[in-house]
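Coordinates from work-v1.txt are shown below (compact mmCIF, N, CA and C atoms).
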# COMPACT_ATOMS: atom_id res chain seq x y z
N MET T 14 55.07 -71.24 28.51
CA MET T 14 54.01 -70.34 28.09
C MET T 14 54.62 -68.93 27.98
N SER T 15 54.32 -68.26 26.88
CA SER T 15 54.85 -66.92 26.66
C SER T 15 54.11 -65.92 27.55
N PRO T 16 54.70 -64.74 27.78
CA PRO T 16 54.01 -63.71 28.57
C PRO T 16 52.64 -63.34 27.98
N LEU T 17 52.55 -63.30 26.66
CA LEU T 17 51.27 -62.98 26.02
C LEU T 17 50.24 -64.08 26.29
N GLU T 18 50.66 -65.34 26.18
CA GLU T 18 49.75 -66.46 26.47
C GLU T 18 49.30 -66.44 27.92
N THR T 19 50.22 -66.13 28.81
CA THR T 19 49.89 -66.04 30.24
C THR T 19 48.87 -64.92 30.47
N MET T 20 49.09 -63.77 29.83
CA MET T 20 48.17 -62.65 29.97
C MET T 20 46.79 -63.00 29.43
N MET T 21 46.74 -63.68 28.30
CA MET T 21 45.46 -64.06 27.70
C MET T 21 44.74 -65.08 28.58
N LYS T 22 45.47 -66.02 29.13
CA LYS T 22 44.87 -67.03 30.03
C LYS T 22 44.32 -66.35 31.28
N THR T 23 45.08 -65.41 31.85
CA THR T 23 44.63 -64.67 33.04
C THR T 23 43.37 -63.88 32.73
N ALA T 24 43.33 -63.23 31.57
CA ALA T 24 42.14 -62.47 31.17
C ALA T 24 40.93 -63.39 31.03
N GLU T 25 41.12 -64.57 30.46
CA GLU T 25 40.02 -65.53 30.30
C GLU T 25 39.50 -65.99 31.66
N VAL T 26 40.40 -66.26 32.59
CA VAL T 26 40.00 -66.68 33.94
C VAL T 26 39.23 -65.55 34.62
N ASN T 27 39.69 -64.31 34.46
CA ASN T 27 39.00 -63.17 35.07
C ASN T 27 37.60 -62.98 34.51
N ILE T 28 37.45 -63.17 33.20
CA ILE T 28 36.13 -63.06 32.57
C ILE T 28 35.22 -64.16 33.09
N GLN T 29 35.73 -65.38 33.19
CA GLN T 29 34.94 -66.51 33.71
C GLN T 29 34.53 -66.24 35.16
N SER T 30 35.46 -65.75 35.96
CA SER T 30 35.15 -65.45 37.37
C SER T 30 34.09 -64.37 37.47
N ALA T 31 34.21 -63.34 36.64
CA ALA T 31 33.23 -62.26 36.67
C ALA T 31 31.84 -62.77 36.31
N GLU T 32 31.76 -63.65 35.31
CA GLU T 32 30.46 -64.20 34.92
C GLU T 32 29.91 -65.11 36.02
N ALA T 33 30.77 -65.90 36.64
CA ALA T 33 30.34 -66.76 37.74
C ALA T 33 29.80 -65.91 38.89
N ILE T 34 30.49 -64.84 39.20
CA ILE T 34 30.05 -63.94 40.29
C ILE T 34 28.69 -63.35 39.96
N ASP T 35 28.49 -62.94 38.71
CA ASP T 35 27.20 -62.39 38.29
C ASP T 35 26.07 -63.40 38.53
N HIS T 36 26.28 -64.65 38.12
CA HIS T 36 25.26 -65.68 38.33
C HIS T 36 25.03 -65.92 39.83
N LEU T 37 26.10 -65.97 40.60
CA LEU T 37 25.97 -66.20 42.04
C LEU T 37 25.29 -65.04 42.76
N GLU T 38 25.53 -63.82 42.30
CA GLU T 38 24.86 -62.67 42.92
C GLU T 38 23.35 -62.71 42.68
N ARG T 39 22.95 -63.11 41.47
CA ARG T 39 21.51 -63.24 41.19
C ARG T 39 20.89 -64.34 42.05
N LEU T 40 21.61 -65.44 42.21
CA LEU T 40 21.12 -66.52 43.05
C LEU T 40 21.05 -66.07 44.51
N ALA T 41 22.04 -65.33 44.95
CA ALA T 41 22.07 -64.83 46.33
C ALA T 41 20.84 -63.97 46.62
N ALA T 42 20.47 -63.11 45.69
CA ALA T 42 19.29 -62.26 45.88
C ALA T 42 18.03 -63.10 46.03
N GLN T 43 17.92 -64.15 45.22
CA GLN T 43 16.75 -65.04 45.31
C GLN T 43 16.71 -65.77 46.65
N LEU T 44 17.86 -66.24 47.10
CA LEU T 44 17.92 -66.96 48.38
C LEU T 44 17.67 -66.04 49.56
N GLU T 45 18.18 -64.83 49.50
CA GLU T 45 17.92 -63.86 50.58
C GLU T 45 16.43 -63.54 50.68
N ALA T 46 15.76 -63.51 49.55
CA ALA T 46 14.31 -63.26 49.55
C ALA T 46 13.56 -64.38 50.27
N HIS T 47 14.20 -65.55 50.40
CA HIS T 47 13.60 -66.70 51.09
C HIS T 47 14.22 -66.89 52.46
N ALA T 48 14.84 -65.83 53.00
CA ALA T 48 15.37 -65.78 54.37
C ALA T 48 16.63 -66.59 54.62
N PHE T 49 17.32 -67.00 53.57
CA PHE T 49 18.62 -67.65 53.78
C PHE T 49 19.68 -66.57 53.90
N GLN T 50 20.70 -66.86 54.66
CA GLN T 50 21.86 -65.98 54.74
C GLN T 50 22.85 -66.43 53.67
N VAL T 51 23.50 -65.49 53.02
CA VAL T 51 24.44 -65.83 51.95
C VAL T 51 25.71 -65.00 52.09
N ARG T 52 26.80 -65.58 51.64
CA ARG T 52 28.09 -64.89 51.65
C ARG T 52 28.85 -65.30 50.39
N LEU T 53 29.15 -64.33 49.53
CA LEU T 53 29.88 -64.58 48.30
C LEU T 53 31.36 -64.38 48.55
N THR T 54 32.16 -65.36 48.15
CA THR T 54 33.62 -65.23 48.27
C THR T 54 34.24 -65.51 46.91
N ALA T 55 35.28 -64.74 46.61
CA ALA T 55 35.99 -64.92 45.34
C ALA T 55 37.47 -64.75 45.61
N ARG T 56 38.10 -65.84 46.01
CA ARG T 56 39.54 -65.82 46.30
C ARG T 56 40.33 -66.10 45.04
N THR T 57 41.47 -65.46 44.93
CA THR T 57 42.34 -65.65 43.78
C THR T 57 42.74 -67.12 43.66
N GLY T 58 42.59 -67.65 42.46
CA GLY T 58 42.98 -69.04 42.21
C GLY T 58 41.90 -70.05 42.53
N LEU T 59 40.78 -69.63 43.10
CA LEU T 59 39.68 -70.54 43.41
C LEU T 59 38.42 -70.08 42.70
N TYR T 60 37.51 -71.00 42.45
CA TYR T 60 36.23 -70.61 41.88
C TYR T 60 35.47 -69.74 42.88
N PRO T 61 34.79 -68.72 42.40
CA PRO T 61 33.90 -67.97 43.31
C PRO T 61 32.85 -68.92 43.85
N ARG T 62 32.43 -68.68 45.09
CA ARG T 62 31.44 -69.56 45.69
C ARG T 62 30.49 -68.76 46.56
N LEU T 63 29.30 -69.29 46.69
CA LEU T 63 28.28 -68.67 47.51
C LEU T 63 28.01 -69.60 48.68
N ARG T 64 28.31 -69.14 49.88
CA ARG T 64 27.99 -69.91 51.10
C ARG T 64 26.56 -69.59 51.46
N VAL T 65 25.72 -70.61 51.54
CA VAL T 65 24.31 -70.46 51.87
C VAL T 65 24.09 -71.08 53.24
N ILE T 66 23.47 -70.29 54.12
CA ILE T 66 23.30 -70.70 55.52
C ILE T 66 21.81 -70.69 55.86
N ASN T 67 21.37 -71.77 56.50
CA ASN T 67 20.00 -71.83 57.00
C ASN T 67 20.00 -71.10 58.35
N PRO T 68 19.34 -69.94 58.47
CA PRO T 68 19.39 -69.18 59.71
C PRO T 68 18.70 -69.87 60.89
N MET T 69 17.82 -70.84 60.59
CA MET T 69 17.15 -71.59 61.67
C MET T 69 18.05 -72.68 62.23
N ALA T 70 19.08 -73.03 61.49
CA ALA T 70 20.06 -74.05 61.91
C ALA T 70 21.40 -73.66 61.27
N PRO T 71 22.12 -72.68 61.85
CA PRO T 71 23.32 -72.13 61.23
C PRO T 71 24.41 -73.15 60.90
N ALA T 72 24.36 -74.32 61.49
CA ALA T 72 25.35 -75.34 61.16
C ALA T 72 25.04 -75.99 59.81
N VAL T 73 23.83 -75.77 59.31
CA VAL T 73 23.42 -76.35 58.04
C VAL T 73 23.75 -75.35 56.94
N THR T 74 24.84 -75.62 56.22
CA THR T 74 25.31 -74.72 55.17
C THR T 74 25.67 -75.52 53.92
N GLU T 75 25.80 -74.80 52.85
CA GLU T 75 26.26 -75.42 51.60
C GLU T 75 26.95 -74.36 50.77
N ASP T 76 28.03 -74.75 50.11
CA ASP T 76 28.70 -73.88 49.16
C ASP T 76 28.19 -74.19 47.76
N VAL T 77 27.86 -73.14 47.03
CA VAL T 77 27.34 -73.27 45.67
C VAL T 77 28.32 -72.58 44.73
N LEU T 78 28.59 -73.24 43.61
CA LEU T 78 29.47 -72.69 42.59
C LEU T 78 28.69 -72.51 41.30
N ALA T 79 29.16 -71.61 40.45
CA ALA T 79 28.62 -71.45 39.11
C ALA T 79 29.77 -71.73 38.15
N ALA T 80 29.53 -72.60 37.20
CA ALA T 80 30.58 -72.94 36.24
C ALA T 80 29.95 -73.26 34.90
N ASN T 81 30.70 -73.00 33.84
CA ASN T 81 30.17 -73.33 32.53
C ASN T 81 30.62 -74.73 32.14
N ALA T 82 29.73 -75.41 31.47
CA ALA T 82 30.01 -76.77 31.00
C ALA T 82 30.78 -76.71 29.69
N ALA T 83 31.15 -77.85 29.19
CA ALA T 83 31.93 -77.92 27.95
C ALA T 83 31.20 -77.27 26.78
N ASP T 84 29.86 -77.26 26.83
CA ASP T 84 29.09 -76.66 25.73
C ASP T 84 28.88 -75.16 25.91
N GLY T 85 29.46 -74.59 26.98
CA GLY T 85 29.35 -73.15 27.22
C GLY T 85 28.17 -72.73 28.06
N GLU T 86 27.29 -73.67 28.43
CA GLU T 86 26.14 -73.36 29.28
C GLU T 86 26.58 -73.25 30.74
N TRP T 87 26.00 -72.30 31.46
CA TRP T 87 26.33 -72.10 32.87
C TRP T 87 25.36 -72.85 33.76
N TRP T 88 25.92 -73.50 34.78
CA TRP T 88 25.14 -74.30 35.73
C TRP T 88 25.56 -73.94 37.16
N PHE T 89 24.64 -74.17 38.09
CA PHE T 89 24.97 -74.08 39.52
C PHE T 89 25.29 -75.50 40.00
N TRP T 90 26.27 -75.58 40.88
CA TRP T 90 26.73 -76.86 41.41
C TRP T 90 26.85 -76.77 42.93
N LEU T 91 26.52 -77.84 43.61
CA LEU T 91 26.82 -77.95 45.04
C LEU T 91 28.31 -78.27 45.17
N SER T 92 28.87 -77.99 46.32
CA SER T 92 30.32 -78.17 46.51
C SER T 92 30.77 -79.60 46.31
N TRP T 93 29.89 -80.56 46.48
CA TRP T 93 30.25 -81.97 46.30
C TRP T 93 29.93 -82.45 44.88
N ALA T 94 29.92 -81.51 43.93
CA ALA T 94 29.77 -81.76 42.50
C ALA T 94 28.36 -82.22 42.11
N GLY T 95 27.38 -81.89 42.92
CA GLY T 95 26.00 -82.17 42.55
C GLY T 95 25.45 -81.01 41.73
N ARG T 96 25.01 -81.30 40.51
CA ARG T 96 24.47 -80.23 39.67
C ARG T 96 23.10 -79.83 40.19
N ILE T 97 22.92 -78.53 40.40
CA ILE T 97 21.65 -78.01 40.94
C ILE T 97 20.69 -77.67 39.82
N GLY T 98 21.16 -76.88 38.89
CA GLY T 98 20.29 -76.46 37.79
C GLY T 98 20.97 -75.42 36.93
N HIS T 99 20.30 -75.10 35.85
CA HIS T 99 20.82 -74.14 34.88
C HIS T 99 20.85 -72.74 35.50
N ALA T 100 21.89 -72.00 35.21
CA ALA T 100 22.06 -70.66 35.79
C ALA T 100 20.99 -69.68 35.32
N SER T 101 20.33 -69.97 34.23
CA SER T 101 19.26 -69.08 33.77
C SER T 101 17.96 -69.30 34.54
N ASP T 102 17.86 -70.38 35.31
CA ASP T 102 16.64 -70.70 36.07
C ASP T 102 16.92 -70.54 37.56
N ILE T 103 17.01 -69.29 37.99
CA ILE T 103 17.35 -68.96 39.38
C ILE T 103 16.32 -69.51 40.36
N VAL T 104 15.05 -69.44 40.02
CA VAL T 104 13.99 -69.88 40.93
C VAL T 104 14.13 -71.36 41.24
N THR T 105 14.29 -72.19 40.23
CA THR T 105 14.43 -73.63 40.45
C THR T 105 15.70 -73.94 41.23
N ALA T 106 16.80 -73.27 40.89
CA ALA T 106 18.05 -73.50 41.62
C ALA T 106 17.88 -73.16 43.09
N ALA T 107 17.24 -72.04 43.40
CA ALA T 107 17.02 -71.64 44.79
C ALA T 107 16.14 -72.65 45.52
N GLU T 108 15.11 -73.15 44.86
CA GLU T 108 14.23 -74.16 45.47
C GLU T 108 15.00 -75.44 45.79
N ARG T 109 15.87 -75.84 44.89
CA ARG T 109 16.65 -77.07 45.12
C ARG T 109 17.64 -76.88 46.27
N ILE T 110 18.26 -75.72 46.33
CA ILE T 110 19.18 -75.44 47.44
C ILE T 110 18.41 -75.42 48.76
N ALA T 111 17.25 -74.79 48.75
CA ALA T 111 16.42 -74.75 49.96
C ALA T 111 16.06 -76.17 50.42
N SER T 112 15.78 -77.06 49.47
CA SER T 112 15.44 -78.43 49.87
C SER T 112 16.65 -79.15 50.48
N VAL T 113 17.84 -78.84 50.00
CA VAL T 113 19.05 -79.45 50.58
C VAL T 113 19.28 -78.93 52.00
N LEU T 114 18.98 -77.66 52.22
CA LEU T 114 19.26 -77.04 53.54
C LEU T 114 18.06 -77.06 54.48
N HIS T 115 16.99 -77.68 54.08
CA HIS T 115 15.78 -77.72 54.90
C HIS T 115 16.02 -78.57 56.15
N VAL T 116 15.55 -78.05 57.27
CA VAL T 116 15.65 -78.77 58.53
C VAL T 116 14.24 -79.01 59.04
N ILE T 117 13.94 -80.25 59.35
CA ILE T 117 12.63 -80.59 59.91
C ILE T 117 12.69 -80.44 61.42
N ARG T 118 11.80 -79.61 61.95
CA ARG T 118 11.76 -79.42 63.41
C ARG T 118 10.95 -80.52 64.06
N ARG T 119 11.41 -80.96 65.23
CA ARG T 119 10.69 -82.00 65.96
C ARG T 119 10.08 -81.43 67.20
Using the file provided, produce a representation of the structure as structure tokens.
Amino acid sequence: MSPLETMMKTAEVNIQSAEAIDHLERLAAQLEAHAFQVRLTARTGLYPRLRVINPMAPAVTEDVLAANAADGEWWFWLSWAGRIGHASDIVTAAERIASVLHVIRR
């Protein structure tokens, strides 16, 4: 790969990461409004991810990723490759994440 191709590929990855972070930040705000704790991480070479924590049971967590599909549409995904919902529908995505992290008290 030429230096120019490498630079272009790096720029594309940075743009994708920035867009993923934007989607995850919007989701984080929605989840915080529902009392979940969230932590956004964006390590070099890895997809940005949102750690979502149930504050009533801190051991109950899930990592959420935002990625675009082959058709260019952005989706939220659970860390185990479960598709949550379209990135444009933050409310539904937050509800689905809440249902995954819900703990029934006895």
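Atom to atom, CA of Phe89 (chain T) and CA of Glu45 (chain T) stand 16.6 Å apart.
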Response to the item:
Separating CA of Ala33 (chain T) from CA of Met69 (chain T), to the nearest tenth of an Å, is a gap of 27.7 Å
Practice prompt. Write out as a PyMOL selection string all residues of chain T that DSSP puts in strand (DSSP E) for this structure's backbone.
Written response: chain T and resi 50-54+62-66+74-81+87-91+96-99
Discussion item. Give me the residues near Leu91 (chain T) as a ChimeraX atom specification, where near means some atom within 6.5 Å (using all atoms listed in the file) and where sequence neighbours in that chain fewer than 2 positions away do not count.
Written reply: /T:76-78,89,93-97
Worksheet entry | Non-local contacts of Val65 (chain T) (7 Å; all atoms listed in the file; under 6 positions in same chain excluded) as a PyMOL selection string | chain T and resi 49-52+73-77
Would you output that residue set with N, CA and C atoms, as a PDB file, in the coordinates of the input?
ATOM      1  N   PHE T  49      17.320 -67.000  53.570  1.00  0.00           N
ATOM      2  CA  PHE T  49      18.620 -67.650  53.780  1.00  0.00           C
ATOM      3  C   PHE T  49      19.680 -66.570  53.900  1.00  0.00           C
ATOM      4  N   GLN T  50      20.700 -66.860  54.660  1.00  0.00           N
ATOM      5  CA  GLN T  50      21.860 -65.980  54.740  1.00  0.00           C
ATOM      6  C   GLN T  50      22.850 -66.430  53.670  1.00  0.00           C
ATOM      7  N   VAL T  51      23.500 -65.490  53.020  1.00  0.00           N
ATOM      8  CA  VAL T  51      24.440 -65.830  51.950  1.00  0.00           C
ATOM      9  C   VAL T  51      25.710 -65.000  52.090  1.00  0.00           C
ATOM     10  N   ARG T  52      26.800 -65.580  51.640  1.00  0.00           N
ATOM     11  CA  ARG T  52      28.090 -64.890  51.650  1.00  0.00           C
ATOM     12  C   ARG T  52      28.850 -65.300  50.390  1.00  0.00           C
ATOM     13  N   VAL T  73      23.830 -75.770  59.310  1.00  0.00           N
ATOM     14  CA  VAL T  73      23.420 -76.350  58.040  1.00  0.00           C
ATOM     15  C   VAL T  73      23.750 -75.350  56.940  1.00  0.00           C
ATOM     16  N   THR T  74      24.840 -75.620  56.220  1.00  0.00           N
ATOM     17  CA  THR T  74      25.310 -74.720  55.170  1.00  0.00           C
ATOM     18  C   THR T  74      25.670 -75.520  53.920  1.00  0.00           C
ATOM     19  N   GLU T  75      25.800 -74.800  52.850  1.00  0.00           N
ATOM     20  CA  GLU T  75      26.260 -75.420  51.600  1.00  0.00           C
ATOM     21  C   GLU T  75      26.950 -74.360  50.770  1.00  0.00           C
ATOM     22  N   ASP T  76      28.030 -74.750  50.110  1.00  0.00           N
ATOM     23  CA  ASP T  76      28.700 -73.880  49.160  1.00  0.00           C
ATOM     24  C   ASP T  76      28.190 -74.190  47.760  1.00  0.00           C
ATOM     25  N   VAL T  77      27.860 -73.140  47.030  1.00  0.00           N
ATOM     26  CA  VAL T  77      27.340 -73.270  45.670  1.00  0.00           C
ATOM     27  C   VAL T  77      28.320 -72.580  44.730  1.00  0.00           C
TER      28      VAL T  77
END
Item to complete: Output as a PyMOL selection string all residues of region 19-118 of chain T that backbone DSSP marks as helix (DSSP H, G or I).
Response: chain T and resi 19-46+103-114
Discussion item. One decimal, in Å: what's the spacing between CA of Tyr60 (chain T) and atom N of Ala83 (chain T)?
Written reply: 15.5 Å
